[in-house]
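Inspection log for the structure reproduced underneath, given as structure tokens.
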Amino acid sequence: MPTTGPVQEMIEERKKQKLAAFDKLKELFRNKIKLQRPVFFVPGWTDESCANWTQPFKLSPAIKDWFEKTTGNCGMVNLVTFTEQESVGCNSFIDFGLILKKKVEATTGCKESFDIVGHSMGGLDIRAAVALHGLGRVENCITVATPHKGSQLGDIGPIFMKYKPHHKIQCINLDPDHLPVQTINSLQNRKRFLENVKKLYQFVGTRDMAVARNAKIDTKGIASALIDKIVTVEIGGATHSADGGITRDVRVIIAILNALMGIEPEKPKYNYGYIIKRA
């Protein structure tokens with residue numbers, strides 16, 4: 001039975017958004033932009049090689065390829081990776097945050113402002129680096145499908161999937177009831193994070209079952225001046241990763257480029273709820 005009504009309108013609108021994003025990218029192929037400062041891309045849980053930012057999936061190019069084609073100074077792009085040894089030594093994103101801080105400062109020399117983008121747990125790595133370990137000089141912070149309030153799959157995942165021991169404990173420590181998530185979401189640490197970034201963009205996929213409603217930072221108790229730093233961008237139909245994954249969505253590529261250039265994203269035309277089932 002064909003889909004009709006508002007849901008069909010939404011599907012058609014998403015197609016238009018993607019075509020428009022492709023057109024903008026083609027334009028940037030001809031008229032490249034210049035990044036204003038170094039930008040770091042941080043991987044998520046179990047993605048130490050940064051594959052979600054560097055590897056294409058089926059017909060979806062990776063963001064690394066888009067940046068090479070659309071920016072005139074792609075040497076400013078830094079793709080953060082973690083070694084197996086580094087990952088084994090991390091019980092949670094808090095530990096990764098300290099390693100991330102050292103990697104960023106090794107590049108910037110602690111003197112240069114920069115932008116930083118994190119997928120999934122990578123966004124929590126960034127928050128830990130800033131709020132707990134003192135990483136400074138952050139201009140634009142962009143979190144993509146980040147479980148800011150933790151993931152309900154944290155405790156459940158290891159029950160159904162066979163993970164390496166260090167990945168298992170990292171997954172468990174993504175659960176909202178465990179200390180790392182509670183620590184990063186204390187009022188003091190949420191305030192400290194927002195005080196030390198110029199802008200926070202949080203990109204949310206409406207079909208992201210791994211993060212669901214937890215992809216937005218908790219603003220309870222936060223002053224309005226800090227809340228004004230936050231921009232939320234909902235990407236209709238985007239999933240957490242793989243096919244339909246948010247890191248390979250052309251709308252996200254354009255939105256990231258715009259954020260890095262100081263261009264505010266457009267508000268979505270349709271909003272039919274956070275998670276929408278296929279008709």
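By order of appearance in the structure tokens: chains A, B, ..., then residues from 1 within every chain, and ligands from 1 in the order shown.
For His148 in chain A, the set of protein, DNA and RNA residues having any atom at most 7 Å away, when counting only C-alpha atoms and skipping those fewer than 5 positions along the same chain, is Leu124, Asn214, Ala215, Lys216 and Ile217 of chain A.
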Write out the residues from the selection above, keeping C-alpha atoms, as a PDB file, in the first residue's frame.
ATOM      1  CA  LEU A 124      31.583  12.615  25.002  1.00  0.00           C
ATOM      2  CA  ASN A 214      19.579  11.276  24.502  1.00  0.00           C
ATOM      3  CA  ALA A 215      21.410  13.131  21.706  1.00  0.00           C
ATOM      4  CA  LYS A 216      20.866  16.560  23.270  1.00  0.00           C
ATOM      5  CA  ILE A 217      22.831  17.932  26.203  1.00  0.00           C
TER       6      ILE A 217
END
Original post:
So which bits of range 52-239 of chain A end up strand (DSSP E) when you DSSP the backbone, as a ChimeraX atom specification?
Top reply: /A:77-79,114-119,138-144,197-205,230-235
For Gly154 in chain A, list every protein, DNA or RNA residue within 12 Å, evaluated using only C-alpha atoms, and leave out those in the same chain fewer than 3 positions away; present the list as a CSV table (one decimal) with N, CA and C atoms, in the first residue's frame.
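See around_2.csv below for the written result:
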chain,number,residue,atom,x,y,z
A,45,TRP,N,32.7,5.1,19.7
A,45,TRP,CA,33.1,3.8,20.4
A,45,TRP,C,33.3,2.7,19.3
A,92,SER,N,36.4,4.3,29.8
A,92,SER,CA,35.3,5.1,29.4
A,92,SER,C,35.8,6.3,28.6
A,121,MET,N,30.2,8.4,20.7
A,121,MET,CA,31.0,8.6,21.9
A,121,MET,C,32.1,9.6,21.8
A,147,PRO,N,25.5,10.4,22.4
A,147,PRO,CA,24.5,10.1,23.6
A,147,PRO,C,24.9,11.0,24.8
A,149,LYS,N,23.2,12.2,27.2
A,149,LYS,CA,22.7,11.7,28.4
A,149,LYS,C,22.9,10.2,28.7
A,150,GLY,N,23.8,9.6,27.9
A,150,GLY,CA,24.1,8.2,28.0
A,150,GLY,C,23.2,7.4,27.0
A,151,SER,N,23.5,6.2,26.8
A,151,SER,CA,22.8,5.3,26.0
A,151,SER,C,22.2,4.1,26.7
A,157,GLY,N,23.9,-3.9,25.5
A,157,GLY,CA,24.8,-4.4,24.4
A,157,GLY,C,25.6,-5.6,24.6
A,158,PRO,N,26.4,-5.6,25.7
A,158,PRO,CA,27.3,-6.7,25.9
A,158,PRO,C,26.6,-8.0,26.2
A,159,ILE,N,25.3,-8.0,26.5
A,159,ILE,CA,24.5,-9.2,26.8
A,159,ILE,C,24.3,-9.9,25.5
A,160,PHE,N,24.1,-9.2,24.4
A,160,PHE,CA,23.7,-9.8,23.1
A,160,PHE,C,24.9,-9.8,22.1
A,161,MET,N,25.9,-9.0,22.4
A,161,MET,CA,27.0,-9.0,21.4
A,161,MET,C,28.3,-9.4,22.1
A,167,HIS,N,36.3,-3.0,25.1
A,167,HIS,CA,35.1,-2.4,24.5
A,167,HIS,C,33.8,-2.7,25.3
A,168,LYS,N,33.8,-3.8,25.9
A,168,LYS,CA,32.6,-4.2,26.8
A,168,LYS,C,32.5,-3.2,27.9
A,169,ILE,N,33.6,-2.9,28.6
A,169,ILE,CA,33.5,-1.9,29.8
A,169,ILE,C,33.2,-0.5,29.3
A,170,GLN,N,33.7,-0.2,28.1
A,170,GLN,CA,33.5,1.2,27.5
A,170,GLN,C,32.0,1.3,27.2
A,171,CYS,N,31.4,0.2,26.7
A,171,CYS,CA,30.0,0.2,26.4
A,171,CYS,C,29.1,0.3,27.6
A,172,ILE,N,29.4,-0.5,28.6
A,172,ILE,CA,28.7,-0.4,29.9
A,172,ILE,C,28.8,1.0,30.5
A,173,ASN,N,29.9,1.6,30.4
A,173,ASN,CA,30.1,3.0,31.0
A,173,ASN,C,29.4,4.1,30.2
A,174,LEU,N,28.7,3.7,29.1
A,174,LEU,CA,27.9,4.6,28.4
A,174,LEU,C,26.4,4.7,29.0
A,175,ASP,N,26.1,3.7,29.8
A,175,ASP,CA,24.8,3.6,30.4
A,175,ASP,C,24.6,4.8,31.3
A,176,PRO,N,23.4,5.4,31.3
A,176,PRO,CA,23.1,6.6,32.1
A,176,PRO,C,23.2,6.4,33.6
A,177,ASP,N,23.1,5.1,34.1
A,177,ASP,CA,23.2,4.8,35.5
A,177,ASP,C,24.7,4.7,36.0
A,178,HIS,N,25.6,4.7,35.1
A,178,HIS,CA,27.0,4.5,35.5
A,178,HIS,C,27.7,5.8,35.7
A,180,PRO,N,30.6,7.4,34.8
A,180,PRO,CA,31.1,8.3,33.8
A,180,PRO,C,30.0,9.3,33.2
A,181,VAL,N,28.9,8.7,32.9
A,181,VAL,CA,27.8,9.5,32.3
A,181,VAL,C,27.3,10.5,33.4
A,210,ALA,N,20.3,3.9,18.5
A,210,ALA,CA,21.4,3.8,19.4
A,210,ALA,C,21.4,4.9,20.5
A,211,VAL,N,21.0,6.1,20.0
A,211,VAL,CA,21.0,7.2,20.9
A,211,VAL,C,19.6,7.7,21.3
Original post:
Counting only C-alpha atoms, what is within 9 Å of Arg192 in chain A, bar same-chain residues fewer than 3 positions away, as JSON, numbers by chain?
Top reply: {"A": [130, 131, 132, 187, 188, 189, 195, 196]}
Subject >> Shell around range 240-254 of chain A at 7 Å using only C-alpha atoms, local window under 2 positions removed, as a ChimeraX atom specification >> reply: /A:17-18,21-22,52-53,57,60-63,145,205,208,210,238,256-258
Serialized selection, C-alpha atoms, as a PDB file, in the first residue's frame:
ATOM      1  CA  GLN A  17      16.985  18.348   1.018  1.00  0.00           C
ATOM      2  CA  LYS A  18      19.510  15.772  -0.175  1.00  0.00           C
ATOM      3  CA  ALA A  21      22.802  19.443  -0.478  1.00  0.00           C
ATOM      4  CA  PHE A  22      24.368  17.719  -3.497  1.00  0.00           C
ATOM      5  CA  ASN A  52      32.936   6.605  10.092  1.00  0.00           C
ATOM      6  CA  TRP A  53      34.727   9.793   9.041  1.00  0.00           C
ATOM      7  CA  PHE A  57      29.732   3.096   2.852  1.00  0.00           C
ATOM      8  CA  SER A  60      28.016   7.236   0.335  1.00  0.00           C
ATOM      9  CA  PRO A  61      31.410   9.002   0.239  1.00  0.00           C
ATOM     10  CA  ALA A  62      33.169   9.699   3.523  1.00  0.00           C
ATOM     11  CA  ILE A  63      33.423  13.201   4.918  1.00  0.00           C
ATOM     12  CA  ALA A 145      24.684  11.358  17.135  1.00  0.00           C
ATOM     13  CA  GLY A 205      19.329  11.626  13.474  1.00  0.00           C
ATOM     14  CA  ASP A 208      19.022   6.803  15.467  1.00  0.00           C
ATOM     15  CA  ALA A 210      21.359   3.762  19.433  1.00  0.00           C
ATOM     16  CA  ALA A 238      19.373   9.530   9.507  1.00  0.00           C
ATOM     17  CA  ILE A 256      29.120  20.841   9.217  1.00  0.00           C
ATOM     18  CA  LEU A 257      30.720  22.998   6.526  1.00  0.00           C
ATOM     19  CA  ASN A 258      28.216  25.773   7.248  1.00  0.00           C
TER      20      ASN A 258
END
Original post:
Quick one: residues within 8 Å of Cys50 in chain A, only C-alpha atoms counted, chain neighbours fewer than 3 positions away excluded, as a list in words?
Top reply: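 Neighbouring residues, sequence-local ones excluded: Val42, Pro43, Gly44, Asp47, Trp53, Thr54, Leu79, Val80 and Thr81 of chain A.
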Selection export as a PDB file, in the first residue's frame, atoms kept: N, CA and C atoms:
ATOM      1  N   VAL A  42      36.668  13.384  15.554  1.00  0.00           N
ATOM      2  CA  VAL A  42      36.900  12.404  16.620  1.00  0.00           C
ATOM      3  C   VAL A  42      35.986  11.201  16.407  1.00  0.00           C
ATOM      4  N   PRO A  43      36.526   9.987  16.458  1.00  0.00           N
ATOM      5  CA  PRO A  43      35.704   8.791  16.232  1.00  0.00           C
ATOM      6  C   PRO A  43      34.906   8.385  17.461  1.00  0.00           C
ATOM      7  N   GLY A  44      33.951   7.504  17.244  1.00  0.00           N
ATOM      8  CA  GLY A  44      33.113   7.011  18.330  1.00  0.00           C
ATOM      9  C   GLY A  44      33.594   5.677  18.876  1.00  0.00           C
ATOM     10  N   ASP A  47      35.427   2.599  17.102  1.00  0.00           N
ATOM     11  CA  ASP A  47      35.837   3.138  15.797  1.00  0.00           C
ATOM     12  C   ASP A  47      37.186   3.837  15.919  1.00  0.00           C
ATOM     13  N   TRP A  53      34.381   8.520   9.676  1.00  0.00           N
ATOM     14  CA  TRP A  53      34.727   9.793   9.041  1.00  0.00           C
ATOM     15  C   TRP A  53      35.568   9.609   7.780  1.00  0.00           C
ATOM     16  N   THR A  54      36.238   8.455   7.645  1.00  0.00           N
ATOM     17  CA  THR A  54      37.215   8.302   6.562  1.00  0.00           C
ATOM     18  C   THR A  54      36.838   7.289   5.500  1.00  0.00           C
ATOM     19  N   LEU A  79      42.266  14.030  11.377  1.00  0.00           N
ATOM     20  CA  LEU A  79      41.440  12.860  11.674  1.00  0.00           C
ATOM     21  C   LEU A  79      42.052  12.120  12.864  1.00  0.00           C
ATOM     22  N   VAL A  80      41.392  12.192  13.989  1.00  0.00           N
ATOM     23  CA  VAL A  80      41.926  11.602  15.221  1.00  0.00           C
ATOM     24  C   VAL A  80      41.729  10.087  15.194  1.00  0.00           C
ATOM     25  N   THR A  81      42.767   9.366  15.525  1.00  0.00           N
ATOM     26  CA  THR A  81      42.668   7.906  15.671  1.00  0.00           C
ATOM     27  C   THR A  81      43.263   7.516  17.025  1.00  0.00           C
TER      28      THR A  81
END
